[in-house]
Amino acid sequence: MPAAKAPDPHQDIRDAVRDLCAEFPAEYFRKIDDFGGMVEAIEAGFPQREMQDASYEFQKAVESRDKIIVGVNDYVMQEEASPMNLLQIDESVAGLQAERLKRLRSERNNTRVQETLEALAEGARGRQNTMPLLLDCVRAYATLGEMCDALRPVFGEYQEPAF
């Protein structure tokens with residue numbers, strides 16, 4: 001007769017974790033479904049609010065030392081860290097860049113640039129693949145700002161809503 005198997009003292013814990021792992025996502029998906037789907041949830045600011053709330057609670061736990069992070073709020077080295085070498089950009093660089101941009105605009109074929117920018121805007125309006133059109137703009141020496149200006153009337157400009 002085989003020996004009776006001893007009951008597992010951790011089975012209750014495993015069952016509770018399994019149930020929680022099944023329950024939490026289902027509950028969360030129900031919340032998203034209540035909005036009418038993920039797009040509607042995003043438009044209502046639901047995931048953004050969830051991230052804000054979670055970040056806030058996490059930071060509170062770190063600062064109150066309810067959550068220990070080694071090297072941040074506990075077991076921190078007492079030695080003074082060496083100062084970081086921050087990159088300092090000489091303000092004359094802005095003037096040099098402005099001069100280079102002015103020279104570029106005077107030397108390039110501005111008619112060709114305008115044609116490629118118009119083609120880009122037209123392609124974006126027609127739901128065409130814009131990558132080849134963007135490359136044409138680059139080859140004509142259109143600036144990033146000019147390409148963005150061509151696309152902005154078609155796609156608009158994203159504004160992060162405040163929650």
# chains A, B, ... in the order shown; residues from 1 in each chain; ligands from 1

call {"tool": "select_by_dssp", "arguments": {"residues": "segment 3-157 of chain A", "states": "alpha helix (DSSP H)", "output": "PyMOL selection string"}}
result
chain A and resi 11-35+38-43+46-63+92-107+110-125+131-139+144-155

call {"tool": "residues_around", "arguments": {"residues": "Thr143 of chain A", "least_positions_apart": "5", "cutoff": "10 Å", "atoms": "only C-alpha atoms", "output": "list in words"}}
result
Leu101, Leu104, Arg105, Val113, Cys137, Val138, Cys148 and Asp149 of chain A

call {"tool": "residues_around", "arguments": {"residues": "Pro161 of chain A", "least_positions_apart": "5", "cutoff": "10 Å", "atoms": "only C-alpha atoms", "output": "number ranges by chain"}}
result
A: 43-45, 48

call {"tool": "write_last_selection", "arguments": {"atoms": "N, CA, C and O atoms", "output": "CSV table (one decimal), in the first residue's frame"}}
result
chain,number,residue,atom,x,y,z
A,43,GLU,N,-10.3,57.8,-24.8
A,43,GLU,CA,-10.9,59.1,-25.0
A,43,GLU,C,-11.4,59.7,-23.7
A,43,GLU,O,-11.4,60.9,-23.5
A,44,ALA,N,-11.9,58.8,-22.8
A,44,ALA,CA,-12.4,59.3,-21.5
A,44,ALA,C,-11.3,59.5,-20.5
A,44,ALA,O,-11.5,59.9,-19.4
A,45,GLY,N,-10.0,59.1,-20.8
A,45,GLY,CA,-8.9,59.3,-20.0
A,45,GLY,C,-8.7,58.2,-18.9
A,45,GLY,O,-8.0,58.3,-18.0
A,48,GLN,N,-5.1,56.6,-18.6
A,48,GLN,CA,-4.2,57.7,-18.2
A,48,GLN,C,-4.4,57.9,-16.7
A,48,GLN,O,-3.4,58.1,-15.9

call {"tool": "residues_around", "arguments": {"residues": "segment 119-135 of chain A", "least_positions_apart": "4", "cutoff": "7 Å", "atoms": "only C-alpha atoms", "output": "MDAnalysis selection string"}}
result
chainID A and resid 115 139 150:151 154

call {"tool": "closest_residue", "arguments": {"among": "A:Arg103, A:Thr111, A:Glu118, A:Phe155", "to": "Ala140 of chain A", "atoms": "only C-alpha atoms"}}
result
A:Thr111

call {"tool": "atom_distance", "arguments": {"atom1": "atom CA of Gly71 of chain A", "atom2": "atom CA of Gln59 of chain A"}}
result
15.0 Å
